[in-house]
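For reference, the structure is listed below as structure tokens.
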Number of protein chains: 2
Amino acid sequence: MTMMMNENKYKITIIGLGEFGKIIANLLYSSPSKNYQLIGYDADSNTHSEMKKSKILDKAEWNLKTATFDADIIFICIPKREIFELLKNLKNFVKKDCVIIDTSIFKKEISEFADTLFNESISFIGGSIIFDQQINSKDSQNHFVLIPSSNTSNESMDIIVNLLKTINLSPLFFNIDEYDNFMFALYGLPNLISTAYRNLMMQSPSWREIKKLYGSNFMKLSELSLKEPEIENDLVFLKEQLPSEWIKRFNKNFAYLTESSDNSHQDVINDSEIYREKFFKFKQGINPNSDVSINTNDLSGGMLELLLGSKLTRYFKNSDRIEMNNTSKKDKK
Amino acid sequence: MTMMMNENKYKITIIGLGEFGKIIANLLYSSPSKNYQLIGYDADSNTHSEMKKSKILDKAEWNLKTATFDADIIFICIPKREIFELLKNLKNFVKKDCVIIDTSIFKKEISEFADTLFNESISFIGGSIIFDQQINSKDSQNHFVLIPSSNTSNESMDIIVNLLKTINLSPLFFNIDEYDNFMFALYGLPNLISTAYRNLMMQSPSWREIKKLYGSNFMKLSELSLKEPEIENDLVFLKEQLPSEWIKRFNKNFAYLTESSDNSHQDVINDSEIYREKFFKFKQGINPNSDVSINTNDLSGGMLELLLGSKLTRYFKNSDRIEMNNTSKKDKK
């Protein structure tokens with residue numbers, strides 16, 4: 001790692017040049033403070049050829065070993081179900097002190113797998129870009145989620161945080177369980193709901209008649225089911241627990257319609273009005289990321305661990321990293 | 001009614017000049033065979049002023065009585081909850097043999113209300129435009145749903161069917177219960193689902209954290225809840241029965257996630273693949289309305305009544321209306 005910091009050119013490899021891989025490549029390639037060689041690898045030969053012509057990479061490599069054996073940082077941008085096999089392959093190639101960043105949607109299972117697979121010399125980090133979708137402001141600030149695994153060294157976290165800053169991505173820390181939970185709620189659940197609705201309509205014996213009247217609401221709700229089939233497959237990995245809890249809570253929201261209850265329809269509609277207002281304000285451009293960096297100054301050690309997990313707490317407590325003003329002052333106990 | 005058929009100019013009034021009212025007005029005003037005076041009425045003064053400048057009406061009237069007292073045909077294009085009061089008012093104004101067409105989303109309750117309110121001299125019909133959303137063909141054919149009430153005379157059905165033909169809308173007949181059922185499934189249910197999801201997210205104690213990660217799936221599923229709040233209110237009128245049945249069926253689609261069941265995740269995902277294919281084909285432009293006109297020639301009296309209800313069966317059995325080739329031949333029993 002010392003070597004890497006001292007040399008002018010280090011090497012970053014992006015594995016998987018789909019939509020997300022291209023975004024990362026573009027950001028890294030166009031950075032004004034670019035002091036690294038940017039390599040791209042994709043198993044798909046079409047994507048590979050396309051990349052040769054594009055200007056978002058220094059080099060496109062056909063061979064996984066050639067692409068990764070001397071990489072200092074590797075971004076993995078392939079579907080979750082392919083990652084386990086890839087990590088097993090990478091273990092044979094990558095050099096000591098390499099930092100591997102996985103950008104797939106759910107983190108925990110892969111992170112645990114990587115912890116078992118790699119020894120301490122390789123730092124594995126869960127990551128994801130969060131685009132600021134603020135509408136009414138010019139000062140948009142995109143973020144990059146960082147979730148270290150138990151093998152992640154503080155030095156490699158530093159390197160990644162600094163790298164992200166050069167491409168204007170502000171780090172955003174989450175506890176791994178919390179992150180998977182929220183991502184399921186925001187991405188997996190809508191997909192499952194859309195699929196359930198689409199199946200309900202299409203398995204109906206009246207579908208032939210129903211479809212004559214189809215319109216925008218039907219289409220809007222069904223479309224998610226078509227758009228991201230791979231999420232459905234990823235849910236097989238997640239097992240029952242996470243989906244089950246959210247689905248149960250979701251189903252409860254219909255109780256006023258399916259069970260005789262104390263809540264009248266009108267009560268529910270009035271309550272709903274409150275959330276509609278809240279959603280409307282949210283959507284109208286109140287910056288969802290305005291309080292985006294966890295202010296570690298406000299948290300004592302115990303609270304910090306509860307929120308960030310032991311790994312990140314260790315990271316924060318050991319240093320004044322990432323422009324924290326006075327962590328040590330508040331963290332003295 | 002005889003008078004109306006013999007005169008060159010009869011009078012059509014559109015009540016409510018919102019999105020839907022404007023579409024009807026535009027179609028009727030630009031008809032090449034226009035032989036009627038087209039009047040518009042809107043309770044909202046802004047809409048009223050806007051209409052004075054537009055070229056989709058012969059006249060905009062401030063006064064409901066003036067707008068409707070000598071109308072031969074009235075299209076009602078206002079929200080469902082306001083219709084009951086309007087119908088009570090219209091009863092005092094409208095002339096004998098007037099045809100009133102209600103275009104609100106759910107039909108049965110209003111139709112029954114109109115049946116009780118009006119005597120046989122006024123024909124009340126439920127109606128709605130269904131746009132052909134066929135993608136791959138140039139020959140699009142829009143339709144107009146027609147659902148007669150028990151007071152609707154065959155003569156007025158004839159007049160409306162012929163009027164619709166002049167503006168290139170092909171009539172589409174539904175049984176009233178079936179129609180409400182399907183419209184709930186296609187419009188009300190997505191709205192309720194979207195609302196339930198949005199409320200679930202916003203009532204979560206973690207919403208402050210969750211919203212940092214929000215993205216397209218969350219937005220897509222939440223947006224319906226914001227777009228058509230009036231549907232939520234209309235559902236109060238529908239009472240428990242219709243929503244309850246659909247919601248129960250919808251919730252069952254998650255059973256594989258919330259209950260231990262014989263179906264494995266993979267089974268469900270495989271089944272889902274079949275519906276995805278089906279939906280994909282449907283969406284790719286297989287004309288959903290290609291079999292859109294019920295072929296009454298294929299139906300005996302009993303079947304016809306089951307499908308269309310007694311009123312429409314009477315209509316079809318009494319005459320060879322609407323270009324049916326040989327109904328009487330098959331309907332001889």
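Every chain in the structure tokens takes a letter, A first, then B, and so on in the order presented; its residues are numbered from 1, and the ligands are numbered from 1 following the presented order.
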Exercise: stretch 147-155 of chain B partners within 8 Å, only C-alpha atoms, chain neighbours under 4 positions left out, as a list of chain:residue names: B:Ser111, B:Glu112, B:Asp115, B:Phe118, B:Asn119, B:Glu120, B:Ser121, B:Ile122, B:Ser123, B:Phe124, B:Ile125, B:Gly126, B:Gly127, B:Ile159, B:Phe173, B:Phe174, B:Asn175, B:Ile176, B:Lys311, B:Leu312, B:Tyr315
What parts of stretch 35-240 of chain B does DSSP call alpha helix (DSSP H)? I'd like the answer as a ChimeraX atom specification. /B:45-53,64-68,80-93,108-117,154-166,176-183,189-203,207-210,216-227,229-238
Near chain B, which residues of chain A fall within 7 Å when you count only C-alpha atoms, and what do they look like as a short mmCIF file (atom, residue, chain, number, x, y, z; two decimals) with N, CA and C atoms, in the first residue's frame?
```
data_model
loop_
_atom_site.label_atom_id
_atom_site.label_comp_id
_atom_site.auth_asym_id
_atom_site.auth_seq_id
_atom_site.Cartn_x
_atom_site.Cartn_y
_atom_site.Cartn_z
N ILE A 130 -24.99 7.01 -4.77
CA ILE A 130 -26.34 7.54 -4.54
C ILE A 130 -26.39 8.92 -5.20
N PHE A 182 -32.88 -1.29 4.12
CA PHE A 182 -33.43 -0.13 3.41
C PHE A 182 -33.45 -0.37 1.90
N LEU A 186 -36.62 -0.16 -0.56
CA LEU A 186 -36.70 0.84 -1.63
C LEU A 186 -36.60 0.23 -3.03
N TYR A 187 -35.93 -0.91 -3.17
CA TYR A 187 -35.75 -1.49 -4.51
C TYR A 187 -36.41 -2.85 -4.65
N PRO A 190 -40.69 -2.76 -4.01
CA PRO A 190 -41.49 -2.30 -5.16
C PRO A 190 -41.52 -3.32 -6.29
N ALA A 196 -46.25 -9.10 -8.05
CA ALA A 196 -47.46 -9.71 -7.48
C ALA A 196 -48.70 -9.15 -8.17
N TYR A 197 -48.70 -7.86 -8.42
CA TYR A 197 -49.86 -7.24 -9.07
C TYR A 197 -50.01 -7.73 -10.52
N ASN A 199 -48.87 -10.49 -11.83
CA ASN A 199 -49.30 -11.89 -11.85
C ASN A 199 -50.79 -12.02 -11.52
N LEU A 200 -51.23 -11.25 -10.54
CA LEU A 200 -52.65 -11.28 -10.15
C LEU A 200 -53.55 -10.98 -11.35
N MET A 202 -52.77 -11.16 -14.59
CA MET A 202 -52.60 -12.05 -15.74
C MET A 202 -53.08 -13.46 -15.46
N ILE A 210 -60.42 -8.00 -18.97
CA ILE A 210 -59.80 -6.91 -18.21
C ILE A 210 -58.88 -6.07 -19.09
N LYS A 211 -58.10 -6.76 -19.94
CA LYS A 211 -57.08 -6.05 -20.68
C LYS A 211 -57.63 -5.05 -21.69
N LYS A 212 -58.92 -5.22 -22.03
CA LYS A 212 -59.52 -4.23 -22.94
C LYS A 212 -59.55 -2.84 -22.32
N LEU A 213 -59.56 -2.80 -21.01
CA LEU A 213 -59.72 -1.52 -20.30
C LEU A 213 -58.41 -1.01 -19.71
N TYR A 214 -57.32 -1.71 -19.95
CA TYR A 214 -56.06 -1.35 -19.30
C TYR A 214 -55.66 0.09 -19.60
N ASN A 217 -52.50 3.45 -14.98
CA ASN A 217 -52.23 2.94 -13.63
C ASN A 217 -51.74 1.50 -13.68
N PHE A 218 -52.44 0.70 -14.47
CA PHE A 218 -52.03 -0.70 -14.63
C PHE A 218 -50.60 -0.78 -15.15
N LEU A 221 -47.86 0.38 -12.57
CA LEU A 221 -47.59 -0.56 -11.48
C LEU A 221 -46.96 -1.85 -11.99
N LEU A 226 -41.21 -5.84 -15.04
CA LEU A 226 -40.56 -6.18 -16.30
C LEU A 226 -39.13 -5.66 -16.33
N VAL A 236 -33.90 -14.56 -3.98
CA VAL A 236 -33.70 -15.95 -3.58
C VAL A 236 -32.53 -16.03 -2.61
N GLU A 240 -36.02 -15.83 3.25
CA GLU A 240 -37.35 -15.35 3.65
C GLU A 240 -37.33 -14.12 4.56
N PRO A 243 -37.60 -10.05 3.22
CA PRO A 243 -38.85 -9.80 2.51
C PRO A 243 -40.08 -10.05 3.39
N SER A 244 -40.06 -11.14 4.13
CA SER A 244 -41.22 -11.51 4.92
C SER A 244 -41.65 -10.40 5.87
N LYS A 248 -45.18 -8.40 5.41
CA LYS A 248 -46.21 -8.44 6.47
C LYS A 248 -46.64 -7.02 6.84
N PHE A 250 -46.39 -4.42 4.97
CA PHE A 250 -47.09 -3.86 3.81
C PHE A 250 -48.54 -4.34 3.77
N ASN A 251 -48.73 -5.65 3.95
CA ASN A 251 -50.08 -6.21 3.92
C ASN A 251 -50.98 -5.60 5.00
N ASN A 253 -51.19 -2.68 5.85
CA ASN A 253 -51.75 -1.41 5.39
C ASN A 253 -53.09 -1.57 4.67
N LEU A 257 -59.35 -2.62 4.80
CA LEU A 257 -60.21 -3.02 3.68
C LEU A 257 -60.62 -4.49 3.77
N THR A 258 -59.81 -5.31 4.44
CA THR A 258 -60.07 -6.75 4.43
C THR A 258 -60.62 -7.28 5.76
N HIS A 265 -62.74 3.76 6.82
CA HIS A 265 -62.08 4.18 5.59
C HIS A 265 -61.63 5.62 5.69
N SER A 272 -53.70 9.05 5.49
CA SER A 272 -52.98 9.00 4.22
C SER A 272 -52.68 10.40 3.71
N TYR A 275 -49.40 11.60 4.98
CA TYR A 275 -48.25 11.04 4.28
C TYR A 275 -48.15 11.56 2.86
N ARG A 276 -49.29 11.84 2.28
CA ARG A 276 -49.27 12.44 0.93
C ARG A 276 -48.55 13.78 0.97
N PRO A 288 -33.16 15.29 -0.01
CA PRO A 288 -33.22 14.09 0.82
C PRO A 288 -31.86 13.78 1.44
N ASN A 289 -30.81 14.36 0.89
CA ASN A 289 -29.48 14.06 1.38
C ASN A 289 -28.87 15.20 2.20
N VAL A 292 -27.10 14.09 5.20
CA VAL A 292 -26.69 12.80 4.69
C VAL A 292 -25.48 12.19 5.39
#
```
Residues at most 12 Å from B:Lys59, counting only C-alpha atoms, excluding those fewer than 5 positions away in the same chain, as a PyMOL selection string? chain B and resi 11-14+25+29+36-42+48-49+51-54+66-67
For atom CA of A:Lys95 and atom CA of A:Ile23, quote the distance in Å rounded to one decimal.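 So the answer is 25.5 Å.
What separates atom CA of A:Leu87 from atom CA of A:Val99 is a distance of 12.4 Å.
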Using only C-alpha atoms, can you tell me which of A:Lys34, A:Lys22, A:Lys9, A:Lys80 comes closest to A:Leu164?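 Between A:Lys34, A:Lys22, A:Lys9, A:Lys80, the residue approaching A:Leu164 most closely is A:Lys34.
From atom CA of B:Leu146 back to atom CA of B:Lys281, the distance works out to 28.3 Å.
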Let me make sure I understand: among B:Leu86, B:Ala43, B:Leu28, B:Ala71, which one has the smallest atom-to-atom distance to B:Lys165 if we use only C-alpha atoms?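 Comparing B:Leu86, B:Ala43, B:Leu28, B:Ala71 against B:Lys165, the winner is B:Leu28.
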Taking 2 positions as the minimum chain separation for residues in the same chain, which residues sit within 8 Å of B:Phe93 when counting only C-alpha atoms? Answer as a PyMOL selection string. chain B and resi 65+68-69+89-91+95
File dump, residues just selected, N, CA, C and O atoms, as a PDB file, in the first residue's frame:
```pdb
ATOM      1  N   LYS B  65     -78.511  25.791 -15.447  1.00  0.00           N
ATOM      2  CA  LYS B  65     -79.848  25.667 -16.039  1.00  0.00           C
ATOM      3  C   LYS B  65     -79.837  26.049 -17.523  1.00  0.00           C
ATOM      4  O   LYS B  65     -80.322  25.297 -18.367  1.00  0.00           O
ATOM      5  N   THR B  68     -78.290  23.451 -19.732  1.00  0.00           N
ATOM      6  CA  THR B  68     -78.839  22.090 -19.845  1.00  0.00           C
ATOM      7  C   THR B  68     -80.335  21.993 -20.141  1.00  0.00           C
ATOM      8  O   THR B  68     -80.805  20.929 -20.534  1.00  0.00           O
ATOM      9  N   PHE B  69     -81.080  23.084 -19.968  1.00  0.00           N
ATOM     10  CA  PHE B  69     -82.559  22.946 -20.019  1.00  0.00           C
ATOM     11  C   PHE B  69     -83.073  22.447 -21.377  1.00  0.00           C
ATOM     12  O   PHE B  69     -84.082  21.758 -21.441  1.00  0.00           O
ATOM     13  N   ASN B  89     -79.874  18.291  -9.237  1.00  0.00           N
ATOM     14  CA  ASN B  89     -80.131  19.584  -9.882  1.00  0.00           C
ATOM     15  C   ASN B  89     -80.675  19.410 -11.293  1.00  0.00           C
ATOM     16  O   ASN B  89     -81.642  20.053 -11.692  1.00  0.00           O
ATOM     17  N   LEU B  90     -80.031  18.521 -12.050  1.00  0.00           N
ATOM     18  CA  LEU B  90     -80.429  18.334 -13.454  1.00  0.00           C
ATOM     19  C   LEU B  90     -81.890  17.893 -13.564  1.00  0.00           C
ATOM     20  O   LEU B  90     -82.596  18.275 -14.494  1.00  0.00           O
ATOM     21  N   LYS B  91     -82.318  17.108 -12.606  1.00  0.00           N
ATOM     22  CA  LYS B  91     -83.703  16.610 -12.631  1.00  0.00           C
ATOM     23  C   LYS B  91     -84.702  17.762 -12.760  1.00  0.00           C
ATOM     24  O   LYS B  91     -85.756  17.629 -13.389  1.00  0.00           O
ATOM     25  N   LYS B  95     -84.960  18.412 -20.163  1.00  0.00           N
ATOM     26  CA  LYS B  95     -86.224  18.154 -20.858  1.00  0.00           C
ATOM     27  C   LYS B  95     -86.460  16.661 -21.048  1.00  0.00           C
ATOM     28  O   LYS B  95     -85.535  15.841 -20.908  1.00  0.00           O
TER      29      LYS B  95
END
```
